[in-house]
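What's in structure_19.txt: compact mmCIF, C-alpha atoms
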# COMPACT_ATOMS: atom_id res chain seq x y z
CA MET N 1 -7.83 -19.15 2.38
CA THR N 2 -7.76 -15.57 3.58
CA GLY N 3 -4.76 -13.28 3.24
CA ASN N 4 -4.26 -13.32 7.00
CA ARG N 5 -4.15 -17.11 7.16
CA MET N 6 -1.66 -17.31 4.33
CA LEU N 7 0.51 -14.80 6.10
CA SER N 8 0.46 -16.74 9.35
CA LYS N 9 2.69 -19.43 7.89
CA ALA N 10 6.40 -19.41 8.62
CA GLY N 11 8.19 -17.32 6.05
CA GLN N 12 10.98 -14.88 5.38
CA GLY N 13 9.55 -11.48 6.21
CA THR N 14 6.75 -9.11 7.05
CA VAL N 15 5.31 -6.58 4.63
CA PHE N 16 4.00 -3.43 6.30
CA VAL N 17 3.12 0.20 5.79
CA ALA N 18 3.70 2.91 8.38
CA GLY N 19 2.76 6.51 7.84
CA LEU N 20 0.48 9.46 8.36
CA SER N 21 -1.92 11.27 6.06
CA TYR N 22 -4.38 14.15 5.89
CA LYS N 23 -6.76 11.88 7.83
CA THR N 24 -4.46 11.64 10.85
CA ALA N 25 -2.23 14.74 10.83
CA PRO N 26 -2.60 18.43 9.90
CA VAL N 27 -0.44 20.01 7.23
CA GLU N 28 1.73 21.59 9.95
CA LEU N 29 3.00 18.10 10.82
CA ARG N 30 2.96 16.58 7.33
CA GLU N 31 5.22 19.27 5.94
CA LYS N 32 7.89 18.38 8.52
CA LEU N 33 8.08 14.89 7.01
CA ALA N 34 7.72 15.81 3.33
CA VAL N 35 10.52 14.44 1.15
CA HIS N 36 11.18 16.09 -2.22
CA ALA N 37 11.14 13.73 -5.20
CA SER N 38 14.84 14.40 -5.81
CA ARG N 39 15.67 13.01 -2.33
CA LEU N 40 13.51 9.88 -2.35
CA LYS N 41 16.40 7.60 -3.31
CA CYS N 42 18.89 8.88 -0.73
CA GLN N 43 16.37 9.15 2.09
CA GLY N 44 15.09 5.69 1.20
CA CYS N 45 18.62 4.27 1.47
CA ARG N 46 19.06 5.77 4.93
CA LEU N 47 15.73 4.45 6.16
CA LYS N 48 16.28 0.98 4.71
CA VAL N 49 19.61 0.56 6.50
CA GLY N 50 18.60 2.29 9.72
CA GLY N 51 15.30 0.45 9.95
CA ASN N 52 16.80 -2.98 9.15
CA LEU N 53 14.46 -3.42 6.19
CA SER N 54 15.11 -5.86 3.37
CA GLU N 55 12.93 -3.83 0.97
CA LEU N 56 11.53 -0.30 1.05
CA VAL N 57 9.48 2.23 -0.92
CA LEU N 58 9.09 5.77 0.42
CA LEU N 59 5.97 7.66 -0.70
CA SER N 60 5.71 11.40 -0.03
CA THR N 61 2.88 13.58 -1.37
CA CYS N 62 1.05 16.69 -0.18
CA ASN N 63 -1.45 14.46 1.63
CA ARG N 64 0.67 11.61 3.03
CA VAL N 65 4.11 10.29 3.93
CA GLU N 66 4.29 6.48 4.02
CA ILE N 67 6.98 3.83 4.29
CA TYR N 68 6.26 0.48 2.66
CA GLY N 69 8.72 -2.14 3.82
CA VAL N 70 9.62 -5.79 4.10
CA THR N 71 11.82 -7.03 6.93
CA PRO N 72 12.68 -10.37 8.55
CA LYS N 73 11.37 -8.89 11.78
CA VAL N 74 9.71 -5.55 12.37
CA ASN N 75 12.16 -4.49 15.05
CA GLY N 76 12.85 -0.92 14.01
CA ASN N 77 11.53 1.96 16.04
CA ILE N 78 8.81 3.20 13.71
CA HIS N 79 8.45 6.46 15.62
CA GLY N 80 12.21 6.91 15.47
CA ILE N 81 12.16 6.48 11.70
CA PHE N 82 9.74 9.35 11.32
CA ARG N 83 11.66 11.54 13.76
CA HIS N 84 14.72 10.89 11.60
CA ILE N 85 12.92 12.03 8.45
CA ALA N 86 11.90 15.23 10.24
CA GLN N 87 15.40 15.65 11.69
CA GLY N 88 13.95 16.52 15.07
CA ALA N 89 12.35 15.24 18.25
CA GLU N 90 8.75 15.83 17.13
CA ASP N 91 6.39 13.18 18.51
CA PHE N 92 4.44 11.77 15.57
CA ALA N 93 3.14 8.76 17.52
CA PRO N 94 -0.46 9.98 17.93
CA HIS N 95 -0.72 10.52 14.17
CA LEU N 96 0.89 7.34 12.82
CA TYR N 97 -0.85 4.25 11.49
CA ILE N 98 0.80 0.86 10.99
CA LYS N 99 -0.71 -1.90 8.85
CA GLU N 100 0.74 -5.32 8.09
CA GLY N 101 0.22 -8.20 5.70
CA ASP N 102 -2.98 -8.11 3.69
CA GLU N 103 -4.05 -4.87 5.39
CA ALA N 104 -0.87 -3.17 4.17
CA VAL N 105 -1.33 -4.48 0.64
CA GLN N 106 -4.98 -3.45 0.45
CA HIS N 107 -4.04 -0.02 1.82
CA LEU N 108 -1.47 0.45 -0.95
CA PHE N 109 -4.00 -0.61 -3.59
CA SER N 110 -6.54 1.88 -2.18
CA VAL N 111 -3.94 4.66 -2.15
CA ALA N 112 -2.75 3.96 -5.71
CA SER N 113 -6.35 3.88 -6.96
CA GLY N 114 -7.27 7.23 -5.40
CA LEU N 115 -9.70 5.66 -2.93
CA ASP N 116 -7.82 6.95 0.12
CA SER N 117 -7.35 10.43 -1.33
CA MET N 118 -8.90 13.64 -0.09
CA VAL N 119 -10.55 13.79 -3.52
CA ILE N 120 -11.86 10.25 -4.02
CA GLY N 121 -11.00 8.95 -7.47
CA GLU N 122 -8.33 11.55 -8.28
CA THR N 123 -5.63 10.37 -10.65
CA GLU N 124 -2.53 12.29 -9.57
CA ILE N 125 -1.77 9.83 -6.77
CA THR N 126 -1.31 6.94 -9.22
CA GLY N 127 1.54 8.81 -10.86
CA GLN N 128 3.01 9.69 -7.48
CA VAL N 129 2.97 6.03 -6.39
CA LYS N 130 4.63 5.08 -9.68
CA LEU N 131 7.31 7.75 -9.17
CA ALA N 132 8.02 6.55 -5.62
CA TYR N 133 8.27 2.95 -6.79
CA GLN N 134 10.57 3.84 -9.70
CA ALA N 135 12.84 5.82 -7.37
CA ALA N 136 13.07 2.84 -5.01
CA GLN N 137 13.77 0.49 -7.92
CA ASP N 138 16.49 2.76 -9.28
CA ALA N 139 18.13 2.83 -5.84
CA LYS N 140 17.85 -0.98 -5.61
CA LEU N 141 15.67 -0.71 -2.51
CA THR N 142 13.01 -3.14 -3.71
CA GLY N 143 13.06 -6.89 -4.20
CA ARG N 144 10.77 -9.70 -5.23
CA VAL N 145 7.99 -8.87 -2.77
CA LEU N 146 7.56 -5.11 -3.19
CA ASN N 147 8.21 -5.32 -6.94
CA ARG N 148 5.30 -7.71 -7.32
CA ILE N 149 3.03 -5.82 -4.92
CA PHE N 150 3.66 -2.36 -6.42
CA GLN N 151 3.34 -3.59 -9.99
CA THR N 152 0.02 -5.19 -9.08
CA ALA N 153 -1.07 -2.00 -7.29
CA LEU N 154 -0.53 0.05 -10.45
CA GLN N 155 -2.35 -2.55 -12.56
CA THR N 156 -5.22 -2.54 -10.07
CA ALA N 157 -5.45 1.26 -10.19
CA LYS N 158 -5.81 1.07 -13.97
CA GLU N 159 -8.45 -1.66 -13.70
CA ILE N 160 -10.49 0.34 -11.19
CA ARG N 161 -10.39 3.42 -13.39
CA THR N 162 -11.68 1.53 -16.42
CA ALA N 163 -14.08 -0.93 -14.75
CA THR N 164 -15.84 1.44 -12.33
CA GLY N 165 -17.17 4.98 -12.28
CA ILE N 166 -15.02 6.05 -9.34
CA GLY N 167 -13.15 8.64 -11.40
CA ARG N 168 -16.19 10.11 -13.13
CA GLY N 169 -16.36 13.74 -12.17
CA ALA N 170 -13.35 13.43 -9.91
CA THR N 171 -10.98 16.36 -9.69
CA SER N 172 -7.39 16.94 -8.75
CA VAL N 173 -6.33 18.92 -5.72
CA GLY N 174 -5.41 21.71 -8.12
CA SER N 175 -8.86 21.97 -9.67
CA VAL N 176 -10.53 21.76 -6.26
CA ALA N 177 -8.45 24.81 -5.35
CA VAL N 178 -10.03 26.63 -8.28
CA GLU N 179 -13.50 25.62 -7.07
CA LEU N 180 -12.67 27.18 -3.71
CA ALA N 181 -11.77 30.43 -5.46
CA GLU N 182 -15.14 30.36 -7.23
CA LYS N 183 -16.88 30.17 -3.87
CA VAL N 184 -15.01 33.22 -2.60
CA PHE N 185 -15.97 35.25 -5.67
CA ASP N 186 -19.57 34.00 -6.00
CA ARG N 187 -18.62 31.61 -8.82
CA ASP N 188 -17.73 34.44 -11.20
CA LEU N 189 -14.08 34.42 -12.23
CA SER N 190 -14.62 36.09 -15.61
CA GLU N 191 -13.11 39.40 -14.52
CA LYS N 192 -10.41 37.91 -12.35
CA THR N 193 -6.69 37.58 -12.90
CA VAL N 194 -5.18 34.38 -11.60
CA MET N 195 -1.51 33.74 -10.92
CA ILE N 196 -0.04 30.25 -10.73
CA LEU N 197 3.21 29.90 -8.79
CA GLY N 198 4.80 26.63 -9.88
CA ALA N 199 4.15 25.14 -13.31
CA GLY N 200 4.13 21.50 -12.24
CA LYS N 201 1.24 19.06 -12.52
CA MET N 202 -0.87 20.78 -9.87
CA GLY N 203 -0.30 24.19 -11.40
CA GLU N 204 -1.19 22.81 -14.81
CA ALA N 205 -4.39 21.27 -13.41
CA CYS N 206 -5.37 24.70 -12.13
CA VAL N 207 -4.72 26.37 -15.48
CA ARG N 208 -6.76 23.76 -17.35
CA HIS N 209 -9.70 24.19 -14.99
CA LEU N 210 -9.46 27.99 -15.04
CA ASN N 211 -9.41 28.04 -18.83
CA LYS N 212 -12.85 26.43 -18.81
CA LYS N 213 -14.14 29.06 -16.37
CA GLY N 214 -13.29 31.96 -18.64
CA VAL N 215 -11.00 33.96 -16.37
CA ARG N 216 -9.82 37.27 -17.74
CA SER N 217 -6.14 36.40 -17.63
CA VAL N 218 -3.72 33.82 -16.29
CA LEU N 219 -0.18 34.54 -15.12
CA VAL N 220 2.27 31.65 -14.78
CA SER N 221 5.48 31.97 -12.79
CA ASN N 222 7.99 29.16 -12.39
CA ARG N 223 11.68 28.78 -11.58
CA SER N 224 12.07 27.42 -15.09
CA PHE N 225 10.95 30.36 -17.23
CA GLU N 226 10.83 28.11 -20.29
CA ARG N 227 8.32 25.84 -18.54
CA ALA N 228 6.26 28.88 -17.52
CA GLN N 229 6.25 30.10 -21.13
CA LEU N 230 5.11 26.74 -22.47
CA LEU N 231 2.23 26.46 -20.02
CA ALA N 232 1.17 30.09 -20.41
CA ALA N 233 1.24 29.85 -24.21
CA GLU N 234 -0.96 26.77 -24.22
CA PHE N 235 -3.76 28.71 -22.55
CA GLY N 236 -3.18 32.23 -23.82
CA GLY N 237 -1.68 33.36 -20.53
CA ARG N 238 1.45 35.34 -19.69
CA ALA N 239 4.70 33.92 -18.31
CA ILE N 240 6.37 35.72 -15.41
CA ARG N 241 9.99 35.30 -14.41
CA PHE N 242 10.19 33.84 -10.92
CA ASP N 243 12.17 36.80 -9.60
CA ASP N 244 9.30 39.08 -10.67
CA TYR N 245 6.33 37.22 -9.18
CA LEU N 246 5.85 39.71 -6.31
CA LYS N 247 5.53 42.61 -8.76
CA ALA N 248 3.12 40.60 -10.94
CA MET N 249 1.05 39.72 -7.87
CA GLU N 250 -0.11 43.33 -7.80
CA GLU N 251 -2.33 42.43 -10.77
CA ALA N 252 -3.68 39.15 -9.40
CA ASP N 253 -6.95 38.47 -7.62
CA ILE N 254 -6.19 34.81 -6.95
CA VAL N 255 -2.79 33.18 -6.40
CA VAL N 256 -2.47 29.39 -6.45
CA SER N 257 0.93 28.28 -5.20
CA SER N 258 2.56 24.86 -5.53
CA THR N 259 6.27 25.33 -6.17
CA GLY N 260 7.82 22.32 -4.45
CA CYS N 261 10.23 24.59 -2.55
CA PRO N 262 11.47 23.18 0.78
CA HIS N 263 10.63 26.43 2.60
CA THR N 264 8.12 29.28 2.49
CA ILE N 265 8.59 31.76 -0.34
CA LEU N 266 5.85 34.29 0.43
CA HIS N 267 5.88 36.19 3.73
CA ARG N 268 3.64 38.59 5.60
CA ASP N 269 5.71 41.73 5.02
CA GLU N 270 5.90 41.04 1.27
CA VAL N 271 2.14 40.51 1.00
CA ALA N 272 1.51 43.69 3.02
CA ARG N 273 3.57 45.69 0.51
CA VAL N 274 1.73 44.10 -2.41
CA MET N 275 -1.65 44.91 -0.84
CA LYS N 276 -0.68 48.54 -0.34
CA VAL N 277 0.07 48.90 -4.06
CA ARG N 278 -3.16 47.07 -4.93
CA GLY N 279 -5.23 49.51 -2.89
CA ASN N 280 -6.23 46.62 -0.59
CA ARG N 281 -8.39 44.87 -3.18
CA PRO N 282 -9.26 41.35 -1.91
CA LEU N 283 -6.55 38.79 -2.59
CA VAL N 284 -7.14 35.03 -2.33
CA LEU N 285 -4.04 32.91 -1.70
CA ILE N 286 -4.44 29.15 -2.15
CA ASP N 287 -1.40 27.21 -0.98
CA ILE N 288 -1.53 23.60 -2.20
CA ALA N 289 2.15 22.93 -1.56
CA VAL N 290 3.59 20.66 1.14
CA PRO N 291 5.81 21.97 2.64
CA ARG N 292 3.74 25.14 2.45
CA ASP N 293 4.82 27.98 0.17
CA ILE N 294 3.05 30.76 2.06
CA GLU N 295 3.70 31.89 5.61
CA ALA N 296 0.61 31.28 7.77
CA ASP N 297 0.45 34.77 9.26
CA VAL N 298 -0.10 36.47 5.88
CA GLN N 299 -3.81 36.00 6.64
CA GLN N 300 -3.41 38.71 9.27
CA VAL N 301 -2.99 41.24 6.46
CA GLY N 302 -6.29 42.99 5.73
CA ASN N 303 -8.38 41.64 2.82
CA VAL N 304 -6.07 38.65 2.34
CA TYR N 305 -7.73 35.22 2.38
CA LEU N 306 -5.34 32.29 2.80
CA PHE N 307 -6.30 28.65 2.28
CA ASP N 308 -3.97 25.66 2.56
CA VAL N 309 -4.34 22.09 1.35
CA ASP N 310 -6.33 21.06 4.44
CA ASP N 311 -8.89 23.79 3.78
CA LEU N 312 -9.74 22.16 0.44
CA GLU N 313 -11.54 19.36 2.26
CA MET N 314 -14.66 21.48 2.76
CA VAL N 315 -15.02 21.71 -1.03
CA VAL N 316 -14.41 18.00 -1.47
CA ARG N 317 -17.21 16.96 0.92
CA GLU N 318 -19.86 18.53 -1.29
CA ASN N 319 -19.11 16.48 -4.39
CA VAL N 320 -18.27 13.03 -3.07
CA LYS N 321 -21.64 11.17 -3.08
CA HIS N 322 -21.37 9.61 -6.54
CA ARG N 323 -17.85 8.31 -6.04
CA ARG N 324 -18.79 6.79 -2.67
CA GLU N 325 -21.46 4.74 -4.42
CA GLU N 326 -18.70 3.11 -6.47
CA LEU N 327 -16.48 2.31 -3.50
CA ASP N 328 -17.97 -1.13 -2.86
CA ARG N 329 -17.13 -2.22 -6.42
CA CYS N 330 -13.62 -0.87 -6.06
CA GLN N 331 -13.04 -2.58 -2.73
CA ALA N 332 -14.15 -5.92 -4.19
CA ILE N 333 -11.54 -5.57 -6.95
CA ILE N 334 -8.87 -4.60 -4.43
CA GLY N 335 -9.69 -7.53 -2.14
CA ALA N 336 -9.41 -10.01 -5.00
CA ARG N 337 -6.19 -8.56 -6.41
CA ALA N 338 -4.57 -8.33 -2.96
CA ALA N 339 -5.39 -11.96 -2.17
CA ALA N 340 -3.98 -13.04 -5.53
CA VAL N 341 -0.68 -11.17 -5.20
CA LEU N 342 -0.19 -12.39 -1.63
CA ALA N 343 -0.77 -15.95 -2.80
CA ARG N 344 1.90 -15.51 -5.49
CA CYS N 345 4.33 -14.04 -2.97
CA ASN N 346 3.53 -16.83 -0.55
CA ALA N 347 4.29 -19.45 -3.16
CA GLY N 348 7.89 -18.23 -3.32
CA ALA N 349 8.50 -17.26 0.30
CA ALA N 350 5.79 -16.72 2.89
CA LEU N 351 5.16 -13.26 4.29
CA VAL N 352 4.75 -13.50 8.05
CA ARG N 353 2.14 -11.31 9.64
CA ARG N 354 3.47 -10.38 13.09
CA ALA N 355 2.59 -7.78 15.66
CA VAL N 356 4.86 -4.72 15.62
CA GLN N 357 7.14 -4.86 18.67
CA PRO N 358 8.65 -1.73 20.26
CA ALA N 359 12.25 -1.24 19.22
CA SER N 360 15.19 -0.82 21.52
CA GLY N 361 16.86 1.58 19.16
CA TRP N 362 17.48 2.68 15.62
CA GLY N 363 20.84 2.10 13.94
CA TYR N 364 22.62 4.36 11.47
CA GLU N 365 25.76 2.32 10.93
CA GLY N 366 26.88 2.22 7.34
CA MET N 367 24.89 5.28 6.27
CA ALA N 368 27.63 7.88 6.36
CA GLY N 369 28.16 7.58 2.62
CA CYS N 370 24.71 8.92 1.84
CA ALA N 371 24.22 12.64 2.22
CA ALA N 372 21.24 13.82 4.22

Take the structure from the file and write it as structure tokens.
Amino acid sequence: MTGNRMLSKAGQGTVFVAGLSYKTAPVELREKLAVHASRLKCQGCRLKVGGNLSELVLLSTCNRVEIYGVTPKVNGNIHGIFRHIAQGAEDFAPHLYIKEGDEAVQHLFSVASGLDSMVIGETEITGQVKLAYQAAQDAKLTGRVLNRIFQTALQTAKEIRTATGIGRGATSVGSVAVELAEKVFDRDLSEKTVMILGAGKMGEACVRHLNKKGVRSVLVSNRSFERAQLLAAEFGGRAIRFDDYLKAMEEADIVVSSTGCPHTILHRDEVARVMKVRGNRPLVLIDIAVPRDIEADVQQVGNVYLFDVDDLEMVVRENVKHRREELDRCQAIIGARAAAVLARCNAGAALVRRAVQPASGWGYEGMAGCAA
């Protein structure tokens, strides 16, 4: 029996995913919806109540913002939910996708396994899915259905990584950023100084990749100076206090920024002053943060080359053939695991696959106790 047929039985709720990703929306829109990890629980609570959902997991990364939910009836205004996240009247409708039942489950499994990523087979997304799920669990936003589905998704991601070659040669967004820098400088970074703004996982991925390329020096700046020191020491680099990163940028040839700040931290006038001190030597700025760290119009400054996370796709296209050859094997695993988990859920209480109906409104009653 197919997943769709199982889901057509009378049951207690619909499982769905609604969201947008790098495939459907540019970074200018995605950053308006980005939710910092520290706010996943609170924002999830607001969306669960306002959307009349019985279960919810909110996933927010640099490449996607998705709501996974279960509800007795999908009667919330999906577009209204996303306008609420953005705290504005932006129309996200042309960029949203909505999947239900087995399609939603298979989509989650593909996302968690890195198959729906800009870099096919990358591993960072698995940790991000796990973080989103743990945040929802901690906030008591999940129940029997999403607990089972997300646990199976993480198990499936592990199985795909060990049973197929999808991750062989795969890179993170951070290391792809380094590859882009190599293209700008004719693949020779040996005499270049690189600065990393933000010592998180993406920044660390950049440092690891750069270390293999033999760059002359690495500067690491982070709001936590201790974290910057630890990462810099591991690779023989130099830690920079966050208040001093503009001064240190005078030395850099390449700046990779991923701070997790909710607003831009580097502006046109600041970059213009830095370039004047540098004698207008070329400066490559690679912004892999969402929301973006670097103001878009800095590229109007002479000899400054700015790339954001969407620009990385041109690098990705060149090295994707091998991983695409493994996709059929991965999809077979996902199909089998999705059917199995839906059957287990169905045994307890059927998941009804219904068409999404337009909502008459979106309620916020009972949410005043949760800060925005």

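Here atom CA of Val256 of chain N stands at a distance of 17.6 Å from atom CA of Gly236 of chain N.
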
### Task
Give the answer as one residue: which of N:Leu58, N:Leu189, N:Ile78, N:Ala199 has the shortest atom-to-atom distance to Val129 of chain N, using all atoms listed in the file?
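Of N:Leu58, N:Leu189, N:Ile78, N:Ala199, the one nearest Val129 of chain N, counting all atoms listed in the file, is N:Leu58.
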
### Task
Show which residues sit within 8 Å of Gln106 of chain N, as a list of chain:residue names. Count all atoms listed in the file, and ignore same-chain residues fewer than 2 positions away.
N:Asp102, N:Glu103, N:Ala104, N:Leu108, N:Phe109, N:Ser110, N:Ile334, N:Gly335, N:Ala338

Please save C-alpha atoms of the selected residues as a CSV table (one decimal), in the frame of the given file.
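The file below, part_21.csv, is the result:
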chain,number,residue,atom,x,y,z
N,102,ASP,CA,-3.0,-8.1,3.7
N,103,GLU,CA,-4.0,-4.9,5.4
N,104,ALA,CA,-0.9,-3.2,4.2
N,108,LEU,CA,-1.5,0.4,-1.0
N,109,PHE,CA,-4.0,-0.6,-3.6
N,110,SER,CA,-6.5,1.9,-2.2
N,334,ILE,CA,-8.9,-4.6,-4.4
N,335,GLY,CA,-9.7,-7.5,-2.1
N,338,ALA,CA,-4.6,-8.3,-3.0

### Message
List the spatial neighbours of segment 290-300 of chain N as a ChimeraX atom specification - criterion: any atom at most 10 Å away, all atoms listed in the file, same-chain residues fewer than 4 positions off excluded.
### Response
/N:27-36,60-64,197,256-272,284-286,304-309

Residues at most 7 Å from segment 160-168 of chain N, counting all atoms listed in the file, excluding those fewer than 2 positions away in the same chain, as a PDB file with C-alpha atoms, in the coordinates of the input?
ATOM      1  CA  SER N 113      -6.350   3.880  -6.960  1.00  0.00           C
ATOM      2  CA  GLY N 121     -11.000   8.950  -7.470  1.00  0.00           C
ATOM      3  CA  GLU N 122      -8.330  11.550  -8.280  1.00  0.00           C
ATOM      4  CA  THR N 156      -5.220  -2.540 -10.070  1.00  0.00           C
ATOM      5  CA  ALA N 157      -5.450   1.260 -10.190  1.00  0.00           C
ATOM      6  CA  LYS N 158      -5.810   1.070 -13.970  1.00  0.00           C
ATOM      7  CA  ALA N 170     -13.350  13.430  -9.910  1.00  0.00           C
ATOM      8  CA  ARG N 323     -17.850   8.310  -6.040  1.00  0.00           C
ATOM      9  CA  GLU N 326     -18.700   3.110  -6.470  1.00  0.00           C
ATOM     10  CA  CYS N 330     -13.620  -0.870  -6.060  1.00  0.00           C
TER      11      CYS N 330
END

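Nearest-residue note for Glu313 of chain N: choosing from N:Gly200, N:Pro94, N:Gly13, N:Pro26, the minimum distance belongs to N:Pro26, counting only C-alpha atoms.
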
#### Entry: Residues near segment 227-229 of chain N, cut-off 12 Å, all atoms listed in the file, skip fewer than 3 positions along chain, as number ranges by chain
N: 195-201, 203-204, 207, 218-224, 232-242, 245, 259

### Task
Name all residues at most 7 Å from Glu100 of chain N (count only C-alpha atoms; drop same-chain ones fewer than 4 positions away) and give them as number ranges by chain.
N: 15-17, 104, 353

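Restricting the calculation to all atoms listed in the file, the smallest distance between Cys42 of chain N and any of N:Met118, N:Ala139, N:Ala153, N:Leu230 is found for N:Ala139.
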
### Task
Could you please determine the separation between atom CA of Gly143 of chain N and atom CA of Tyr97 of chain N in Å, to one decimal place?
23.7 Å

### Task
Grab the atom CA of Leu47 of chain N to atom CA of Ile81 of chain N distance for me, in Å with one decimal place.
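Between these atoms lies a distance of 6.9 Å.
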
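Minimum distance to Val184 of chain N across N:Ala248, N:Leu154, N:Val145, N:Leu283 (counting all atoms listed in the file) occurs at N:Leu283.
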
All file atoms of segment 178-196 of chain N boxed axis-aligned, 8 Å per side, centre plus edges, as JSON:
{"center_x": -9.8, "center_y": 32.5, "center_z": -9.1, "size_x": 35.5, "size_y": 29.8, "size_z": 29.0}

Could N, CA and C atoms be built for segment 278-298 of chain N and written out as a compact mmCIF listing (two decimals), in the frame of the given file?
# COMPACT_ATOMS: atom_id res chain seq x y z
N ARG N 278 -1.89 47.49 -4.33
CA ARG N 278 -3.16 47.07 -4.93
C ARG N 278 -4.35 47.88 -4.42
N GLY N 279 -4.12 48.77 -3.46
CA GLY N 279 -5.23 49.51 -2.89
C GLY N 279 -6.12 48.63 -2.02
N ASN N 280 -5.53 47.55 -1.49
CA ASN N 280 -6.23 46.62 -0.59
C ASN N 280 -7.41 45.90 -1.23
N ARG N 281 -7.38 45.73 -2.54
CA ARG N 281 -8.39 44.87 -3.18
C ARG N 281 -8.24 43.46 -2.62
N PRO N 282 -9.35 42.70 -2.46
CA PRO N 282 -9.26 41.35 -1.91
C PRO N 282 -8.29 40.47 -2.70
N LEU N 283 -7.51 39.70 -1.97
CA LEU N 283 -6.55 38.79 -2.59
C LEU N 283 -6.72 37.40 -1.96
N VAL N 284 -6.98 36.41 -2.79
CA VAL N 284 -7.14 35.03 -2.33
C VAL N 284 -5.84 34.28 -2.61
N LEU N 285 -5.26 33.71 -1.57
CA LEU N 285 -4.04 32.91 -1.70
C LEU N 285 -4.38 31.46 -1.38
N ILE N 286 -4.15 30.57 -2.34
CA ILE N 286 -4.44 29.15 -2.15
C ILE N 286 -3.12 28.39 -2.23
N ASP N 287 -2.70 27.88 -1.09
CA ASP N 287 -1.40 27.21 -0.98
C ASP N 287 -1.62 25.70 -0.97
N ILE N 288 -1.34 25.05 -2.10
CA ILE N 288 -1.53 23.60 -2.20
C ILE N 288 -0.20 22.87 -2.15
N ALA N 289 0.82 23.54 -1.67
CA ALA N 289 2.15 22.93 -1.56
C ALA N 289 2.36 22.33 -0.18
N VAL N 290 3.12 21.25 -0.12
CA VAL N 290 3.59 20.66 1.14
C VAL N 290 5.05 20.26 0.94
N PRO N 291 5.99 20.92 1.64
CA PRO N 291 5.81 21.97 2.64
C PRO N 291 5.14 23.22 2.05
N ARG N 292 4.49 23.98 2.91
CA ARG N 292 3.74 25.14 2.45
C ARG N 292 4.64 26.22 1.85
N ASP N 293 4.11 26.89 0.83
CA ASP N 293 4.82 27.98 0.17
C ASP N 293 4.61 29.31 0.89
N ILE N 294 3.47 29.45 1.55
CA ILE N 294 3.05 30.76 2.06
C ILE N 294 3.02 30.75 3.58
N GLU N 295 3.65 31.75 4.16
CA GLU N 295 3.70 31.89 5.61
C GLU N 295 2.29 32.05 6.17
N ALA N 296 1.99 31.32 7.25
CA ALA N 296 0.61 31.28 7.77
C ALA N 296 0.09 32.64 8.20
N ASP N 297 0.96 33.51 8.72
CA ASP N 297 0.45 34.77 9.26
C ASP N 297 0.19 35.84 8.20
N VAL N 298 0.30 35.49 6.91
CA VAL N 298 -0.10 36.47 5.88
C VAL N 298 -1.60 36.74 5.96
